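Participant: Just passing along the structure, written as C-alpha cells.
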Amino acid sequence: MVSLTTKENPRMAKVGTWFLVADKSRATLYKNTDDGLGTVREFDHPAARAHTGDLMTGHRGRRRDQAQAGPRSAMERQTPVQETEVVPFAKEICDWLHNQEARNAFSDLFVVAEPEMLGFLRDHVDTHANLEIAGSLDKNLTHESASELRDRLRTLWPESVM
C-alpha cells in the first residue's frame, strides 16, 4: 500500500524545492529548476546492499542460557545486519540536509523512499529542529529517470514541481 502525506504549506513552487529519492543503499537529491529536476547530490552506501555473510566477521558467540542446563547454540541477532548499515546512512543524509537547510539552500523538502527507509529518514529528520518534510511518498522510485520522476512528482505535488 502506498501512502502519500503532504504538509500544509503556503509557499508555492520555488527553485529551492528539493526532492529526496531514496532506498536503503542509494539516494539522489534533486532540486526544482526551470528546466526540470537537476541533481544536487547522490548518496551511495554499498554496505547496505551487501549480503549478510559479507558484513559479518567471525562466528557468533555461545552462551549459557539460565533457563536451560548446558550451552546454547549460537545467539540470534536482535537486529538484521543490513538494518545496522541503513540507520547510519539515513543519519548521514539527514545531517547533510540539516547543514544545507541551515544555509537556506532549499525552502521545501519532499521525500520519496521505500517504506522502511522513509521511516528511518523521518526518525532522523525529527532530531533536527528546523528540518521538516513538506511531503512524502513511501515508494521506491530510485530507478526512474529524472524526466519520469518529474512527471510522477508533478502528479503528486503539482504546485511544487515545475
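By convention here, the chains of the C-alpha cells are called A, B, ... in the order presented, each chain's residues are numbered starting at 1, and ligands are numbered starting at 1 in the order presented.
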Would you pick out the contacts of Ser25 in chain A at 8 Å or less, using only C-alpha atoms, so that residues sharing its chain but fewer than 4 positions from it are not included, and give the list as an NGL selection string?
Facilitator: :A and (44-49 or 86 or 89)
Participant: Set the distance at 12 Å and use only C-alpha atoms: which residues neighbour Ala27 in chain A once local chain neighbours fewer than 5 positions away are removed? I'd like the list as a PDB file with N, CA, C and O atoms, in the first residue's frame.
Facilitator:
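Output file part.pdb follows:
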```
ATOM      1  N   PHE A  19      13.849  17.431  -3.722  1.00  0.00           N
ATOM      2  CA  PHE A  19      13.203  16.125  -3.673  1.00  0.00           C
ATOM      3  C   PHE A  19      14.264  15.068  -3.404  1.00  0.00           C
ATOM      4  O   PHE A  19      15.227  14.939  -4.163  1.00  0.00           O
ATOM      5  N   LEU A  20      14.087  14.321  -2.335  1.00  0.00           N
ATOM      6  CA  LEU A  20      14.994  13.228  -1.998  1.00  0.00           C
ATOM      7  C   LEU A  20      14.322  11.927  -2.414  1.00  0.00           C
ATOM      8  O   LEU A  20      13.197  11.646  -1.993  1.00  0.00           O
ATOM      9  N   VAL A  21      15.008  11.155  -3.256  1.00  0.00           N
ATOM     10  CA  VAL A  21      14.501   9.866  -3.706  1.00  0.00           C
ATOM     11  C   VAL A  21      15.498   8.827  -3.210  1.00  0.00           C
ATOM     12  O   VAL A  21      16.680   8.881  -3.555  1.00  0.00           O
ATOM     13  N   ALA A  22      15.032   7.882  -2.369  1.00  0.00           N
ATOM     14  CA  ALA A  22      15.986   7.003  -1.693  1.00  0.00           C
ATOM     15  C   ALA A  22      15.475   5.577  -1.532  1.00  0.00           C
ATOM     16  O   ALA A  22      14.276   5.326  -1.472  1.00  0.00           O
ATOM     17  N   THR A  39      20.117  17.398 -10.512  1.00  0.00           N
ATOM     18  CA  THR A  39      20.712  16.637  -9.412  1.00  0.00           C
ATOM     19  C   THR A  39      21.543  17.549  -8.522  1.00  0.00           C
ATOM     20  O   THR A  39      22.409  18.278  -9.004  1.00  0.00           O
ATOM     21  N   VAL A  40      21.277  17.503  -7.234  1.00  0.00           N
ATOM     22  CA  VAL A  40      22.043  18.261  -6.251  1.00  0.00           C
ATOM     23  C   VAL A  40      23.185  17.393  -5.726  1.00  0.00           C
ATOM     24  O   VAL A  40      24.333  17.818  -5.689  1.00  0.00           O
ATOM     25  N   ARG A  41      22.846  16.171  -5.331  1.00  0.00           N
ATOM     26  CA  ARG A  41      23.865  15.273  -4.775  1.00  0.00           C
ATOM     27  C   ARG A  41      23.355  13.840  -4.826  1.00  0.00           C
ATOM     28  O   ARG A  41      22.159  13.593  -4.693  1.00  0.00           O
ATOM     29  N   GLU A  42      24.285  12.919  -4.979  1.00  0.00           N
ATOM     30  CA  GLU A  42      23.964  11.499  -4.912  1.00  0.00           C
ATOM     31  C   GLU A  42      24.659  10.911  -3.702  1.00  0.00           C
ATOM     32  O   GLU A  42      25.819  11.235  -3.420  1.00  0.00           O
ATOM     33  N   PHE A  43      23.956  10.064  -2.979  1.00  0.00           N
ATOM     34  CA  PHE A  43      24.499   9.365  -1.819  1.00  0.00           C
ATOM     35  C   PHE A  43      24.541   7.883  -2.163  1.00  0.00           C
ATOM     36  O   PHE A  43      23.610   7.367  -2.783  1.00  0.00           O
ATOM     37  N   ASP A  44      25.598   7.200  -1.740  1.00  0.00           N
ATOM     38  CA  ASP A  44      25.713   5.772  -2.002  1.00  0.00           C
ATOM     39  C   ASP A  44      26.262   5.095  -0.759  1.00  0.00           C
ATOM     40  O   ASP A  44      27.224   5.576  -0.155  1.00  0.00           O
ATOM     41  N   HIS A  45      25.644   4.002  -0.380  1.00  0.00           N
ATOM     42  CA  HIS A  45      26.081   3.241   0.788  1.00  0.00           C
ATOM     43  C   HIS A  45      26.072   1.753   0.422  1.00  0.00           C
ATOM     44  O   HIS A  45      25.108   1.035   0.697  1.00  0.00           O
ATOM     45  N   PRO A  46      27.144   1.283  -0.244  1.00  0.00           N
ATOM     46  CA  PRO A  46      27.156  -0.091  -0.749  1.00  0.00           C
ATOM     47  C   PRO A  46      27.046  -1.157   0.336  1.00  0.00           C
ATOM     48  O   PRO A  46      26.576  -2.262   0.060  1.00  0.00           O
ATOM     49  N   VAL A  86      21.812   0.594   7.423  1.00  0.00           N
ATOM     50  CA  VAL A  86      20.874   1.575   6.878  1.00  0.00           C
ATOM     51  C   VAL A  86      20.691   2.768   7.807  1.00  0.00           C
ATOM     52  O   VAL A  86      20.605   3.909   7.357  1.00  0.00           O
ATOM     53  N   PHE A  89      23.277   5.388   7.382  1.00  0.00           N
ATOM     54  CA  PHE A  89      23.103   6.001   6.067  1.00  0.00           C
ATOM     55  C   PHE A  89      22.002   7.057   6.126  1.00  0.00           C
ATOM     56  O   PHE A  89      22.171   8.173   5.624  1.00  0.00           O
ATOM     57  N   ALA A  90      20.872   6.733   6.750  1.00  0.00           N
ATOM     58  CA  ALA A  90      19.783   7.703   6.905  1.00  0.00           C
ATOM     59  C   ALA A  90      20.252   8.912   7.715  1.00  0.00           C
ATOM     60  O   ALA A  90      19.926  10.055   7.387  1.00  0.00           O
ATOM     61  N   GLU A  92      23.343  10.041   7.958  1.00  0.00           N
ATOM     62  CA  GLU A  92      24.260  10.813   7.122  1.00  0.00           C
ATOM     63  C   GLU A  92      23.495  11.748   6.188  1.00  0.00           C
ATOM     64  O   GLU A  92      23.825  12.933   6.055  1.00  0.00           O
ATOM     65  N   ILE A  93      22.457  11.229   5.555  1.00  0.00           N
ATOM     66  CA  ILE A  93      21.655  12.038   4.640  1.00  0.00           C
ATOM     67  C   ILE A  93      20.984  13.187   5.395  1.00  0.00           C
ATOM     68  O   ILE A  93      21.041  14.341   4.966  1.00  0.00           O
ATOM     69  N   CYS A  94      20.376  12.891   6.523  1.00  0.00           N
ATOM     70  CA  CYS A  94      19.662  13.924   7.294  1.00  0.00           C
ATOM     71  C   CYS A  94      20.615  14.973   7.861  1.00  0.00           C
ATOM     72  O   CYS A  94      20.273  16.159   7.887  1.00  0.00           O
ATOM     73  N   VAL A 111      10.115  13.905   0.188  1.00  0.00           N
ATOM     74  CA  VAL A 111      10.860  12.648   0.262  1.00  0.00           C
ATOM     75  C   VAL A 111      10.042  11.524  -0.345  1.00  0.00           C
ATOM     76  O   VAL A 111       8.886  11.326   0.010  1.00  0.00           O
ATOM     77  N   VAL A 112      10.685  10.794  -1.262  1.00  0.00           N
ATOM     78  CA  VAL A 112      10.108   9.583  -1.840  1.00  0.00           C
ATOM     79  C   VAL A 112      11.102   8.477  -1.535  1.00  0.00           C
ATOM     80  O   VAL A 112      12.245   8.515  -1.997  1.00  0.00           O
ATOM     81  N   ALA A 113      10.683   7.518  -0.723  1.00  0.00           N
ATOM     82  CA  ALA A 113      11.602   6.455  -0.312  1.00  0.00           C
ATOM     83  C   ALA A 113      10.834   5.178  -0.035  1.00  0.00           C
ATOM     84  O   ALA A 113       9.645   5.222   0.295  1.00  0.00           O
ATOM     85  N   GLU A 114      11.558   4.048  -0.162  1.00  0.00           N
ATOM     86  CA  GLU A 114      10.888   2.796   0.182  1.00  0.00           C
ATOM     87  C   GLU A 114      10.449   2.883   1.639  1.00  0.00           C
ATOM     88  O   GLU A 114      11.047   3.611   2.434  1.00  0.00           O
ATOM     89  N   MET A 117      12.989   2.732   4.657  1.00  0.00           N
ATOM     90  CA  MET A 117      13.943   3.842   4.617  1.00  0.00           C
ATOM     91  C   MET A 117      13.246   5.155   4.959  1.00  0.00           C
ATOM     92  O   MET A 117      13.817   5.999   5.646  1.00  0.00           O
ATOM     93  N   LEU A 118      12.011   5.334   4.498  1.00  0.00           N
ATOM     94  CA  LEU A 118      11.269   6.546   4.829  1.00  0.00           C
ATOM     95  C   LEU A 118      11.113   6.668   6.341  1.00  0.00           C
ATOM     96  O   LEU A 118      11.259   7.761   6.898  1.00  0.00           O
ATOM     97  N   LEU A 121      14.445   7.770   7.787  1.00  0.00           N
ATOM     98  CA  LEU A 121      14.672   9.189   7.478  1.00  0.00           C
ATOM     99  C   LEU A 121      13.813  10.081   8.366  1.00  0.00           C
ATOM    100  O   LEU A 121      14.302  11.079   8.896  1.00  0.00           O
ATOM    101  N   ASN A 140       9.604   3.071  -3.694  1.00  0.00           N
ATOM    102  CA  ASN A 140      10.967   3.110  -4.208  1.00  0.00           C
ATOM    103  C   ASN A 140      10.939   3.540  -5.676  1.00  0.00           C
ATOM    104  O   ASN A 140      10.505   2.783  -6.541  1.00  0.00           O
ATOM    105  N   LEU A 141      11.395   4.745  -5.950  1.00  0.00           N
ATOM    106  CA  LEU A 141      11.466   5.269  -7.310  1.00  0.00           C
ATOM    107  C   LEU A 141      12.909   5.573  -7.720  1.00  0.00           C
ATOM    108  O   LEU A 141      13.144   6.356  -8.634  1.00  0.00           O
ATOM    109  N   THR A 142      13.877   4.945  -7.061  1.00  0.00           N
ATOM    110  CA  THR A 142      15.289   5.256  -7.323  1.00  0.00           C
ATOM    111  C   THR A 142      15.741   4.868  -8.724  1.00  0.00           C
ATOM    112  O   THR A 142      16.741   5.385  -9.205  1.00  0.00           O
ATOM    113  N   HIS A 143      15.017   3.976  -9.383  1.00  0.00           N
ATOM    114  CA  HIS A 143      15.445   3.516 -10.704  1.00  0.00           C
ATOM    115  C   HIS A 143      14.783   4.270 -11.850  1.00  0.00           C
ATOM    116  O   HIS A 143      15.008   3.956 -13.008  1.00  0.00           O
TER     117      HIS A 143
END
```
Participant: Measuring between only C-alpha atoms, which one of A:Asp23, A:Ala102, A:Arg150, A:Ser160 shows the shortest distance to Asp35 in chain A?
Facilitator: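 The closest residue to Asp35 in chain A is A:Arg150.
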Participant: Report, in Å with one decimal, the straight-line distance from CA of His124 in chain A to CA of Pro88 in chain A.
Facilitator: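 According to the coordinates, CA of His124 in chain A and CA of Pro88 in chain A are separated by 9.7 Å.
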Participant: So how many Å separate CA of Ala146 in chain A and CA of Val161 in chain A, to one decimal?
Facilitator: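 If I compute the distance from CA of Ala146 in chain A to CA of Val161 in chain A, I get 12.2 Å.
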